[in-house]
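This report refers to the structure that appears directly beneath it.
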Amino acid sequence: PSAQPGGVGGGAGTGSGSAGGKLAATADVPVGGGVVLADAQLVITQPKAGTFKAFSAICTHQGCTVSAVENGTINCPCHGSEFAIADGAVVAGPAPKPLPAKSIKVSGGSITAA
């Protein structure tokens, strides 16, 4: 009986809760690049080592989901819009405004929703 309350004490619950909120591992996000998480409609970038940013993966032009992070930009396949990995700013149109920033939390090697 004494083992049961200890097991329910929140250790397991806390672990599964944080795992459920995990978006990516820091090791999955290359320096100077990023990853597109289409299911979460999120792009996570690492403009410089140890600095992680997150943006909406929905292009501000016509709502397409961006498809790749290459050469320092987040790229939309529909009409060629490109956004800066550091701040989501428009680098190449036709997108009219930057990708909206999203909140994330980096803890150890994990990136979770904030």
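By order in the structure tokens, chains are A, B, ...; within a chain, residues start at 1; ligands start at 1, following the order shown.
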
Stretch 20-34 of chain A environment, 6 Å, only C-alpha atoms, sequence neighbours closer than 6 positions dropped, as a compact mmCIF listing (two decimals) with N, CA, C and O atoms, in the first residue's frame:
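Result file part_30.txt:
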```
# COMPACT_ATOMS: atom_id res chain seq x y z
N ILE A 44 9.90 25.87 -35.96
CA ILE A 44 10.87 26.18 -34.92
C ILE A 44 12.21 26.38 -35.59
O ILE A 44 12.64 25.54 -36.39
N THR A 45 12.87 27.50 -35.29
CA THR A 45 14.16 27.80 -35.91
C THR A 45 15.22 28.00 -34.84
O THR A 45 14.92 28.23 -33.67
N GLN A 46 16.48 27.92 -35.27
CA GLN A 46 17.61 28.20 -34.39
C GLN A 46 18.56 29.13 -35.17
O GLN A 46 19.52 28.69 -35.79
N PRO A 47 18.25 30.45 -35.15
CA PRO A 47 19.06 31.40 -35.93
C PRO A 47 20.53 31.40 -35.54
O PRO A 47 21.39 31.55 -36.39
N LYS A 48 20.82 31.23 -34.26
CA LYS A 48 22.20 31.07 -33.81
C LYS A 48 22.20 30.04 -32.68
O LYS A 48 21.16 29.81 -32.05
N ALA A 49 23.33 29.44 -32.44
CA ALA A 49 23.42 28.35 -31.48
C ALA A 49 22.80 28.73 -30.14
O ALA A 49 23.14 29.76 -29.56
N VAL A 69 12.74 24.90 -44.33
CA VAL A 69 13.61 25.95 -43.81
C VAL A 69 14.97 25.71 -44.45
O VAL A 69 15.60 24.68 -44.23
N GLY A 72 18.60 30.01 -44.35
CA GLY A 72 18.24 31.12 -43.49
C GLY A 72 16.83 31.65 -43.66
O GLY A 72 16.49 32.67 -43.07
N GLY A 109 17.05 19.39 -23.39
CA GLY A 109 17.07 19.11 -24.81
C GLY A 109 15.70 19.11 -25.46
O GLY A 109 15.56 18.68 -26.60
N SER A 110 14.69 19.58 -24.73
CA SER A 110 13.33 19.54 -25.25
C SER A 110 12.77 20.93 -25.51
O SER A 110 13.05 21.86 -24.77
N ILE A 111 11.96 21.02 -26.56
CA ILE A 111 11.23 22.24 -26.86
C ILE A 111 9.75 21.92 -26.71
O ILE A 111 9.25 20.98 -27.32
N THR A 112 9.07 22.69 -25.85
CA THR A 112 7.67 22.44 -25.59
C THR A 112 6.87 23.71 -25.84
O THR A 112 7.43 24.80 -25.91
N ALA A 113 5.56 23.54 -25.97
CA ALA A 113 4.68 24.69 -26.10
C ALA A 113 4.68 25.45 -24.77
O ALA A 113 4.70 24.84 -23.71
```

(Q) Which residues are close to A:Asn71, i.e. within 10 Å by only C-alpha atoms, leaving aside same-chain residues fewer than 3 positions away? Reply as JSON, numbers by chain. (A) {"A": [32, 33, 68, 74, 75, 84, 85]}

Can I get the selected residues back with N, CA, C and O atoms, as a PDB file, in the first residue's frame?
```
ATOM      1  N   GLY A  32      21.080  27.799 -37.740  1.00  0.00           N
ATOM      2  CA  GLY A  32      20.943  28.460 -39.033  1.00  0.00           C
ATOM      3  C   GLY A  32      19.816  27.892 -39.868  1.00  0.00           C
ATOM      4  O   GLY A  32      19.661  28.228 -41.031  1.00  0.00           O
ATOM      5  N   GLY A  33      18.996  27.035 -39.263  1.00  0.00           N
ATOM      6  CA  GLY A  33      17.887  26.418 -39.990  1.00  0.00           C
ATOM      7  C   GLY A  33      16.701  26.231 -39.076  1.00  0.00           C
ATOM      8  O   GLY A  33      16.511  26.992 -38.126  1.00  0.00           O
ATOM      9  N   ALA A  68       9.526  24.289 -45.845  1.00  0.00           N
ATOM     10  CA  ALA A  68      10.943  24.016 -45.632  1.00  0.00           C
ATOM     11  C   ALA A  68      11.625  25.210 -44.988  1.00  0.00           C
ATOM     12  O   ALA A  68      11.155  26.343 -45.098  1.00  0.00           O
ATOM     13  N   ILE A  74      12.435  30.630 -44.044  1.00  0.00           N
ATOM     14  CA  ILE A  74      11.299  29.714 -43.964  1.00  0.00           C
ATOM     15  C   ILE A  74      10.547  29.905 -45.274  1.00  0.00           C
ATOM     16  O   ILE A  74      10.164  31.030 -45.610  1.00  0.00           O
ATOM     17  N   ASN A  75      10.357  28.825 -46.020  1.00  0.00           N
ATOM     18  CA  ASN A  75       9.862  28.951 -47.394  1.00  0.00           C
ATOM     19  C   ASN A  75       8.468  28.366 -47.582  1.00  0.00           C
ATOM     20  O   ASN A  75       8.178  27.258 -47.123  1.00  0.00           O
ATOM     21  N   ALA A  84      12.360  35.346 -42.698  1.00  0.00           N
ATOM     22  CA  ALA A  84      13.622  35.234 -41.955  1.00  0.00           C
ATOM     23  C   ALA A  84      13.454  34.299 -40.768  1.00  0.00           C
ATOM     24  O   ALA A  84      12.457  34.370 -40.051  1.00  0.00           O
ATOM     25  N   ILE A  85      14.469  33.434 -40.540  1.00  0.00           N
ATOM     26  CA  ILE A  85      14.377  32.497 -39.414  1.00  0.00           C
ATOM     27  C   ILE A  85      14.533  33.197 -38.068  1.00  0.00           C
ATOM     28  O   ILE A  85      14.118  32.672 -37.046  1.00  0.00           O
TER      29      ILE A  85
END
```

Q | Distance criterion (only C-alpha atoms): nearest to A:Ala54 out of A:Leu37, A:Val66, A:Ala101, A:Cys76 | A |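 Closest candidate: A:Ala101.
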
Q: For A:Phe55, work out the shell of residues within 9 Å, counting only C-alpha atoms and skipping chain neighbours fewer than 3 positions away, then give it as a VMD selection string.
A: chain A and resid 41 to 45 58 85 87 to 88 99 to 103

Generate a file of the selected residues that holds N, CA and C atoms, formatted as a PDB file, in the first residue's frame.
```
ATOM      1  N   GLN A  41       1.192  23.168 -36.909  1.00  0.00           N
ATOM      2  CA  GLN A  41       1.173  24.449 -37.631  1.00  0.00           C
ATOM      3  C   GLN A  41       2.214  25.405 -37.054  1.00  0.00           C
ATOM      4  N   LEU A  42       3.440  24.865 -36.891  1.00  0.00           N
ATOM      5  CA  LEU A  42       4.495  25.602 -36.220  1.00  0.00           C
ATOM      6  C   LEU A  42       5.823  25.396 -36.938  1.00  0.00           C
ATOM      7  N   VAL A  43       6.638  26.432 -36.930  1.00  0.00           N
ATOM      8  CA  VAL A  43       8.008  26.336 -37.416  1.00  0.00           C
ATOM      9  C   VAL A  43       8.906  26.703 -36.242  1.00  0.00           C
ATOM     10  N   ILE A  44       9.896  25.869 -35.964  1.00  0.00           N
ATOM     11  CA  ILE A  44      10.868  26.185 -34.916  1.00  0.00           C
ATOM     12  C   ILE A  44      12.215  26.375 -35.591  1.00  0.00           C
ATOM     13  N   THR A  45      12.871  27.495 -35.292  1.00  0.00           N
ATOM     14  CA  THR A  45      14.160  27.800 -35.910  1.00  0.00           C
ATOM     15  C   THR A  45      15.223  28.004 -34.838  1.00  0.00           C
ATOM     16  N   ILE A  58       1.732  28.954 -41.000  1.00  0.00           N
ATOM     17  CA  ILE A  58       0.724  29.340 -41.994  1.00  0.00           C
ATOM     18  C   ILE A  58       1.165  30.638 -42.670  1.00  0.00           C
ATOM     19  N   ILE A  85      14.469  33.434 -40.540  1.00  0.00           N
ATOM     20  CA  ILE A  85      14.377  32.497 -39.414  1.00  0.00           C
ATOM     21  C   ILE A  85      14.533  33.197 -38.068  1.00  0.00           C
ATOM     22  N   ASP A  87      13.286  36.314 -37.103  1.00  0.00           N
ATOM     23  CA  ASP A  87      12.138  37.069 -36.605  1.00  0.00           C
ATOM     24  C   ASP A  87      10.860  36.885 -37.420  1.00  0.00           C
ATOM     25  N   GLY A  88      10.874  36.005 -38.411  1.00  0.00           N
ATOM     26  CA  GLY A  88       9.672  35.767 -39.214  1.00  0.00           C
ATOM     27  C   GLY A  88       9.370  36.840 -40.235  1.00  0.00           C
ATOM     28  N   LEU A  99       5.530  36.170 -40.432  1.00  0.00           N
ATOM     29  CA  LEU A  99       4.880  35.048 -39.755  1.00  0.00           C
ATOM     30  C   LEU A  99       4.728  35.423 -38.279  1.00  0.00           C
ATOM     31  N   PRO A 100       3.562  35.203 -37.687  1.00  0.00           N
ATOM     32  CA  PRO A 100       3.380  35.527 -36.276  1.00  0.00           C
ATOM     33  C   PRO A 100       4.257  34.652 -35.381  1.00  0.00           C
ATOM     34  N   ALA A 101       4.893  35.270 -34.394  1.00  0.00           N
ATOM     35  CA  ALA A 101       5.716  34.535 -33.439  1.00  0.00           C
ATOM     36  C   ALA A 101       4.818  33.713 -32.516  1.00  0.00           C
ATOM     37  N   LYS A 102       5.314  32.564 -32.086  1.00  0.00           N
ATOM     38  CA  LYS A 102       4.609  31.694 -31.149  1.00  0.00           C
ATOM     39  C   LYS A 102       5.496  31.475 -29.928  1.00  0.00           C
ATOM     40  N   SER A 103       4.893  31.180 -28.804  1.00  0.00           N
ATOM     41  CA  SER A 103       5.656  30.973 -27.573  1.00  0.00           C
ATOM     42  C   SER A 103       6.078  29.515 -27.435  1.00  0.00           C
TER      43      SER A 103
END
```

(Q) Just checking: using only C-alpha atoms, which residue out of A:Val36, A:Glu82, A:Gly50, A:Thr65 ends up closest to A:Pro96? (A)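 The closest residue to A:Pro96 is A:Glu82.
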
Q: Find the residue from A:Ala40, A:Val35, A:Ala114, A:Ala89 that sits nearest to A:Glu70; use only C-alpha atoms when measuring.
A: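 Checking each of A:Ala40, A:Val35, A:Ala114, A:Ala89 against A:Glu70, counting only C-alpha atoms, the winner is A:Val35.
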
Q.
Taking only chain A into account, list the residues labelled alpha helix (DSSP H) by DSSP (computed from the backbone), as a list of chain:residue names.
A.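 Checking each residue of chain A, the alpha helix (DSSP H) ones are A:Ala3, A:Gln4, A:Pro5, A:Gly6, A:Gly7, A:Val8, A:Gly11, A:Ala12, A:Gly13, A:Thr14, A:Gly15, A:Ser16, A:Gly17, A:Ser18, A:Ala19, A:Gly20, A:Gly21.
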
Q: Just the strand (DSSP E) stuff from chain A, please, per backbone DSSP, written as a PyMOL selection string.
A: chain A and resi 22-25+33-37+42-48+51-56+68-70+73-75+82-84+90-92+104-107+110-113
